[in-house]
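File shown here: work.cif, holding mmCIF, C-alpha atoms.
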```cif
data_entry
#
loop_
_atom_site.label_atom_id
_atom_site.label_comp_id
_atom_site.auth_asym_id
_atom_site.auth_seq_id
_atom_site.Cartn_x
_atom_site.Cartn_y
_atom_site.Cartn_z
CA MET A 16 75.65 113.56 91.34
CA LYS A 17 78.62 111.25 91.93
CA ILE A 18 81.87 112.44 90.40
CA ALA A 19 85.62 111.86 90.35
CA VAL A 20 88.04 114.78 90.06
CA VAL A 21 91.41 114.21 88.39
CA THR A 22 94.12 116.83 87.87
CA GLY A 23 96.84 116.27 85.29
CA ALA A 24 94.17 114.30 83.43
CA SER A 25 95.30 114.89 79.84
CA SER A 26 98.23 112.45 79.85
CA GLY A 27 100.42 110.12 81.89
CA ILE A 28 99.30 109.01 85.33
CA GLY A 29 96.35 111.41 85.47
CA ARG A 30 94.95 110.05 82.22
CA ALA A 31 95.51 106.47 83.40
CA PHE A 32 93.53 107.29 86.56
CA VAL A 33 90.62 108.61 84.47
CA LEU A 34 90.49 105.45 82.37
CA GLN A 35 90.83 102.97 85.24
CA LEU A 36 88.47 104.75 87.62
CA ASP A 37 85.84 104.82 84.87
CA ALA A 38 86.35 101.10 84.23
CA ASP A 39 86.16 100.25 87.94
CA GLU A 40 82.97 102.03 89.01
CA PRO A 41 80.16 104.22 87.67
CA PHE A 42 80.44 108.00 87.84
CA ASP A 43 77.97 110.55 86.56
CA GLU A 44 80.85 112.82 85.64
CA ILE A 45 84.62 112.90 85.76
CA TRP A 46 86.01 116.39 86.17
CA ALA A 47 89.19 116.27 84.12
CA ILE A 48 91.63 119.11 84.82
CA ALA A 49 94.79 119.89 82.87
CA LEU A 50 96.47 122.49 80.66
CA GLU A 51 95.51 120.96 77.30
CA GLU A 52 91.80 121.45 76.65
CA ASP A 53 91.90 119.57 73.33
CA LEU A 54 93.36 116.46 74.96
CA LEU A 55 90.76 116.61 77.72
CA GLY A 56 88.02 116.57 75.11
CA GLU A 57 89.45 113.41 73.55
CA LEU A 58 89.00 111.54 76.84
CA GLN A 59 85.25 111.41 76.25
CA LYS A 60 85.76 108.88 73.46
CA GLU A 61 87.35 106.43 75.90
CA VAL A 62 85.12 106.53 78.99
CA HIS A 63 81.49 105.95 79.93
CA ALA A 64 81.13 108.83 82.38
CA ARG A 65 80.55 112.34 81.10
CA ILE A 66 83.81 114.27 80.99
CA ARG A 67 83.63 117.82 82.29
CA PRO A 68 86.89 119.41 81.11
CA PHE A 69 88.65 122.23 82.94
CA ALA A 70 91.61 123.80 81.16
CA MET A 71 93.63 125.14 84.09
CA ASP A 72 97.21 126.18 84.71
CA PHE A 73 97.81 125.89 88.44
CA CYS A 74 100.78 128.24 88.23
CA ASN A 75 97.92 130.76 88.12
CA ARG A 76 96.48 130.65 91.62
CA GLU A 77 93.16 132.07 90.47
CA ASN A 78 92.32 128.67 88.98
CA LEU A 79 91.91 127.18 92.45
CA THR A 80 89.24 129.79 93.08
CA ARG A 81 87.62 128.86 89.78
CA TYR A 82 87.53 125.20 90.84
CA GLY A 83 86.00 126.09 94.20
CA GLU A 84 83.29 128.11 92.48
CA ALA A 85 82.47 125.17 90.19
CA LEU A 86 82.04 122.90 93.21
CA LYS A 87 79.79 125.42 94.90
CA ALA A 88 77.62 125.80 91.81
CA VAL A 89 77.06 122.05 91.31
CA ALA A 90 77.43 120.69 94.88
CA PRO A 91 78.43 117.19 93.69
CA ASP A 92 79.27 114.09 95.69
CA VAL A 93 83.01 113.78 95.09
CA ALA A 94 83.80 110.10 95.53
CA VAL A 95 87.43 110.32 94.34
CA LEU A 96 90.01 113.10 94.12
CA VAL A 97 93.26 112.46 92.26
CA ASN A 98 95.96 115.11 92.60
CA ALA A 99 98.19 114.10 89.69
CA SER A 100 99.20 117.46 88.23
CA GLY A 101 102.84 118.42 88.60
CA PHE A 102 106.15 119.02 86.89
CA GLY A 103 109.85 118.83 87.59
CA ILE A 104 113.06 120.42 86.39
CA PHE A 105 116.39 118.58 86.45
CA LYS A 106 118.94 121.35 86.98
CA THR A 107 120.96 122.92 89.77
CA PHE A 108 119.02 125.17 92.12
CA GLU A 109 120.88 128.37 91.26
CA LYS A 110 120.59 127.81 87.49
CA THR A 111 116.81 127.41 87.60
CA SER A 112 114.74 130.57 87.38
CA LEU A 113 112.95 131.63 90.53
CA ASP A 114 109.63 131.73 88.64
CA ARG A 115 110.01 128.05 87.69
CA LEU A 116 110.98 127.10 91.24
CA PHE A 117 107.92 128.89 92.62
CA GLY A 118 105.85 127.23 89.89
CA MET A 119 106.92 123.76 91.03
CA VAL A 120 105.96 124.55 94.61
CA ASP A 121 102.62 126.00 93.47
CA VAL A 122 101.66 123.10 91.19
CA ASN A 123 103.16 120.15 93.07
CA ALA A 124 102.43 121.15 96.66
CA ARG A 125 100.20 124.20 97.03
CA THR A 126 97.68 122.96 94.46
CA MET A 127 97.54 119.51 96.10
CA MET A 128 96.73 121.12 99.43
CA GLY A 129 94.27 123.58 97.91
CA MET A 130 92.41 121.02 95.82
CA THR A 131 92.08 118.77 98.85
CA TYR A 132 90.87 121.58 101.10
CA LEU A 133 88.28 122.81 98.62
CA THR A 134 87.01 119.31 97.80
CA LEU A 135 86.59 117.95 101.32
CA PRO A 136 83.23 119.62 102.05
CA TYR A 137 81.84 117.65 99.09
CA MET A 138 83.24 114.25 100.12
CA ARG A 139 81.24 111.72 102.11
CA GLN A 140 82.28 108.65 104.07
CA GLY A 141 84.14 106.31 101.75
CA GLY A 142 85.74 109.14 99.78
CA ARG A 143 89.25 108.52 98.46
CA ILE A 144 92.13 110.91 97.79
CA TYR A 145 95.19 109.91 95.75
CA ASN A 146 98.18 112.27 95.88
CA MET A 147 101.10 111.86 93.51
CA GLY A 148 104.39 111.40 95.29
CA SER A 149 107.53 109.87 93.82
CA GLY A 150 110.55 107.77 94.58
CA SER A 151 112.09 111.10 95.56
CA SER A 152 109.50 111.46 98.33
CA PHE A 153 111.76 109.38 100.57
CA GLN A 154 115.13 111.11 100.09
CA PRO A 155 116.76 114.45 99.24
CA THR A 156 117.47 114.70 95.50
CA PRO A 157 120.25 117.15 94.60
CA TYR A 158 119.93 118.40 91.01
CA ALA A 159 116.19 117.79 91.19
CA LEU A 160 116.03 119.59 94.49
CA ILE A 161 112.70 121.41 94.59
CA TYR A 162 110.88 118.65 92.75
CA GLY A 163 112.05 116.15 95.38
CA ALA A 164 111.11 118.50 98.21
CA THR A 165 107.57 118.91 96.86
CA LYS A 166 107.21 115.14 96.61
CA ALA A 167 108.40 114.75 100.19
CA PHE A 168 105.60 117.19 101.07
CA ALA A 169 103.11 115.00 99.19
CA LEU A 170 104.10 111.94 101.22
CA SER A 171 104.04 113.68 104.59
CA PHE A 172 100.80 115.54 103.83
CA SER A 173 99.01 112.38 102.68
CA ARG A 174 100.04 110.23 105.61
CA GLY A 175 99.30 112.88 108.20
CA LEU A 176 95.91 113.79 106.73
CA ASN A 177 94.95 110.12 106.53
CA VAL A 178 95.51 109.82 110.29
CA GLU A 179 93.53 113.00 110.99
CA PHE A 180 90.58 111.56 109.10
CA ARG A 181 90.89 108.19 110.83
CA ASN A 182 91.03 109.76 114.29
CA GLY A 183 88.23 112.15 113.40
CA ARG A 184 86.13 109.29 112.01
CA ARG A 185 85.53 111.07 108.68
CA GLY A 186 85.71 107.78 106.77
CA ILE A 187 87.84 109.35 104.02
CA ARG A 188 91.07 107.66 102.90
CA VAL A 189 94.20 109.47 101.72
CA MET A 190 97.11 107.75 99.99
CA ALA A 191 100.41 108.87 98.45
CA VAL A 192 101.34 107.17 95.18
CA CYS A 193 105.14 106.90 94.96
CA PRO A 194 106.48 105.23 91.79
CA LEU A 195 109.91 105.06 90.24
CA TRP A 196 110.50 106.56 86.78
CA VAL A 197 107.24 106.57 84.80
CA LYS A 198 107.07 106.83 81.00
CA THR A 199 105.13 110.10 80.62
CA ASN A 200 105.40 113.57 79.08
CA PHE A 201 106.88 114.73 82.40
CA PHE A 202 110.36 114.30 80.95
CA LYS A 203 109.75 116.72 78.07
CA MET A 204 109.84 119.54 80.61
CA ALA A 205 112.14 118.02 83.23
CA VAL A 206 115.06 117.04 81.00
CA SER A 207 116.95 119.83 79.24
CA ASP A 208 120.55 118.56 79.58
CA LYS A 209 122.57 115.74 81.18
CA THR A 210 122.12 116.91 84.79
CA ILE A 211 120.06 113.79 85.50
CA SER A 212 121.04 110.91 83.22
CA TYR A 213 120.58 107.69 85.21
CA PHE A 214 117.12 106.15 85.35
CA SER A 215 117.17 102.89 87.28
CA LYS A 216 113.89 101.32 86.10
CA TRP A 217 110.98 102.47 83.96
CA VAL A 218 107.36 101.63 84.77
CA GLU A 219 104.10 102.20 82.92
CA ALA A 220 101.49 104.71 84.11
CA ALA A 221 98.70 102.13 83.85
CA ASP A 222 100.61 99.76 86.16
CA VAL A 223 101.16 102.52 88.72
CA VAL A 224 97.45 103.29 88.79
CA LYS A 225 96.39 99.63 88.92
CA LYS A 226 98.62 99.13 91.97
CA ALA A 227 97.35 102.35 93.58
CA LEU A 228 93.70 101.31 93.27
CA LYS A 229 94.53 97.91 94.75
CA ASP A 230 96.52 99.42 97.62
CA MET A 231 93.69 101.81 98.44
CA ARG A 232 91.32 98.86 98.75
CA ARG A 233 93.85 97.21 101.07
CA GLY A 234 93.86 100.22 103.38
CA LYS A 235 97.43 101.39 102.69
CA ASP A 236 98.52 105.01 102.99
CA VAL A 237 101.40 104.68 100.50
CA SER A 238 101.44 102.82 97.18
CA ILE A 239 104.81 101.56 95.94
CA LEU A 240 105.00 99.61 92.70
CA GLY A 241 107.57 96.84 92.32
CA PHE A 242 110.23 95.04 94.31
CA ASN A 243 113.00 97.42 93.16
CA MET A 244 111.19 100.45 94.51
CA GLN A 245 110.35 98.69 97.77
CA MET A 246 114.03 97.82 98.28
CA GLN A 247 115.06 101.38 97.46
CA VAL A 248 112.68 102.78 100.08
CA LEU A 249 113.96 100.30 102.65
CA GLY A 250 117.56 101.23 101.86
CA VAL A 251 116.84 104.95 102.21
CA LYS A 252 115.30 104.32 105.63
CA LEU A 253 118.32 102.35 106.85
CA LEU A 254 121.20 104.39 105.41
CA PRO A 255 122.37 107.85 106.53
CA ALA A 256 120.98 110.67 104.38
CA GLY A 257 124.49 111.80 103.45
CA LEU A 258 125.33 108.38 102.04
CA VAL A 259 122.02 108.18 100.18
CA MET A 260 122.72 111.51 98.49
CA LYS A 261 126.29 110.45 97.70
CA ILE A 262 125.00 107.32 95.95
CA TRP A 263 122.40 109.37 94.07
CA CYS A 264 125.00 111.90 92.90
CA LYS A 265 127.36 109.14 91.80
CA GLN A 266 124.58 107.53 89.77
CA GLN A 267 123.92 110.86 88.10
CA LYS A 268 127.67 111.50 87.55
CA GLN A 269 127.54 114.63 89.67
CA GLY A 270 130.21 115.52 92.22
#
```

What is this file in structure tokens?
Amino acid sequence: MKIAVVTGASSGIGRAFVLQLDADEPFDEIWAIALEEDLLGELQKEVHARIRPFAMDFCNRENLTRYGEALKAVAPDVAVLVNASGFGIFKTFEKTSLDRLFGMVDVNARTMMGMTYLTLPYMRQGGRIYNMGSGSSFQPTPYALIYGATKAFALSFSRGLNVEFRNGRRGIRVMAVCPLWVKTNFFKMAVSDKTISYFSKWVEAADVVKKALKDMRRGKDVSILGFNMQMQVLGVKLLPAGLVMKIWCKQQKQG
């Protein structure tokens, strides 16, 4: 049984991945994982593949075990894994609760690693893994500190694992997807005050996914949508980190 697995599937980029993957190729099932079980059920109306919903909160580490048990029970051929679950909080480090900080690390980084590890035994040659990074993958982001650090992990993890697979001749591709600001429900949780107030350019989730699928076919290990984002990444590479953070803080009217 050929399947795709998508976390964060109920809305935003995860949902856009479900719709575009289903339109691009046939799957027997798409395992759609997210918090909102009712929204996962609604996906079935929009796709051809059978949706197998999993209502999971990855702040609860037991849900990774539950996912691993589901794989073992079915033993599917996982053609695509999309690690799109995640959240951010725009606030100073010391004013954010430790539970929420740990939650970001668990959902954004630990879950990405765990989902990948558990899925790999069920992936064959030609398998594809998409990991959600961000524009903040390339630079430190004061006032969104832990979110940015987890997205830097996503970029480094994806690129390094892609090389391991290439050198080990596994025939599995891994790519980090690193967009600018995306119009999703992410901001309902992330924004609680004016800590972060400058958003340089908005992009649509469907456009991010369309570019990611194209970049995967082209053999890239990072997908960056748009000229603005490409120039930002280039600038971050060329400028000292201290200056990059100073510019960021000035944009956000901090410091």

field: Residues matched by the PyMOL selection byres ((chain A and resi 26-29) around 10), written as a PyMOL selection string
entry: chain A and resi 21-25+30-34+47-49+51+54-55+58+97-100+147+197-201+219-224

Target residues per the PyMOL selection byres ((chain A and resi 62) around 12), formatted as JSON, numbers by chain: {"A": [30, 31, 32, 33, 34, 35, 36, 37, 38, 39, 40, 41, 42, 43, 44, 45, 47, 55, 56, 57, 58, 59, 60, 61, 63, 64, 65, 66, 67]}

Padding of 5 Å on every side, edges along x, y and z, all listed atoms of segment 97-109 of chain A included: what centre and edge lengths in Å, to one decimal, does that box have, as JSON?
```
{"center_x": 107.1, "center_y": 120.4, "center_z": 89.5, "size_x": 37.7, "size_y": 25.9, "size_z": 16.2}
```

task: Could you list the residues chosen by the PyMOL selection byres ((chain A and resi 71) around 8) in this structure as a PyMOL selection string?
output: chain A and resi 48-50+69-70+72-73+78

Write the residues you've just listed into a file as a PDB file, keeping the file's coordinate frame, and include C-alpha atoms for each of them.
```pdb
ATOM      1  CA  ILE A  48      91.630 119.110  84.820  1.00  0.00           C
ATOM      2  CA  ALA A  49      94.790 119.890  82.870  1.00  0.00           C
ATOM      3  CA  LEU A  50      96.470 122.490  80.660  1.00  0.00           C
ATOM      4  CA  PHE A  69      88.650 122.230  82.940  1.00  0.00           C
ATOM      5  CA  ALA A  70      91.610 123.800  81.160  1.00  0.00           C
ATOM      6  CA  ASP A  72      97.210 126.180  84.710  1.00  0.00           C
ATOM      7  CA  PHE A  73      97.810 125.890  88.440  1.00  0.00           C
ATOM      8  CA  ASN A  78      92.320 128.670  88.980  1.00  0.00           C
TER       9      ASN A  78
END
```

query: Closest to Lys261 of chain A among A:Ser173, A:Thr156, A:Leu228, A:Arg188, using all atoms listed in the file?
result: A:Thr156

Quick one: which segment 129-221 of chain A residues come within 8 Å of segment 83-94 of chain A, and what is the nearest atom pair for each with the distance in Å to one decimal, counting only C-alpha atoms, rows ordered by chain and ascending number, as CSV?
```
residue,atom,partner,partner_atom,distance
A:Leu133,CA,A:Gly83,CA,6.0
A:Thr134,CA,A:Val93,CA,7.3
A:Tyr137,CA,A:Asp92,CA,5.6
A:Met138,CA,A:Val93,CA,5.1
A:Arg139,CA,A:Asp92,CA,7.1
A:Gly141,CA,A:Ala94,CA,7.3
A:Gly142,CA,A:Ala94,CA,4.8
A:Arg143,CA,A:Ala94,CA,6.4
```

message: Just to confirm, what's the straight-line distance from atom CA of Ser212 of chain A to atom CA of Gly118 of chain A in Å (one decimal)?
response: 23.3 Å
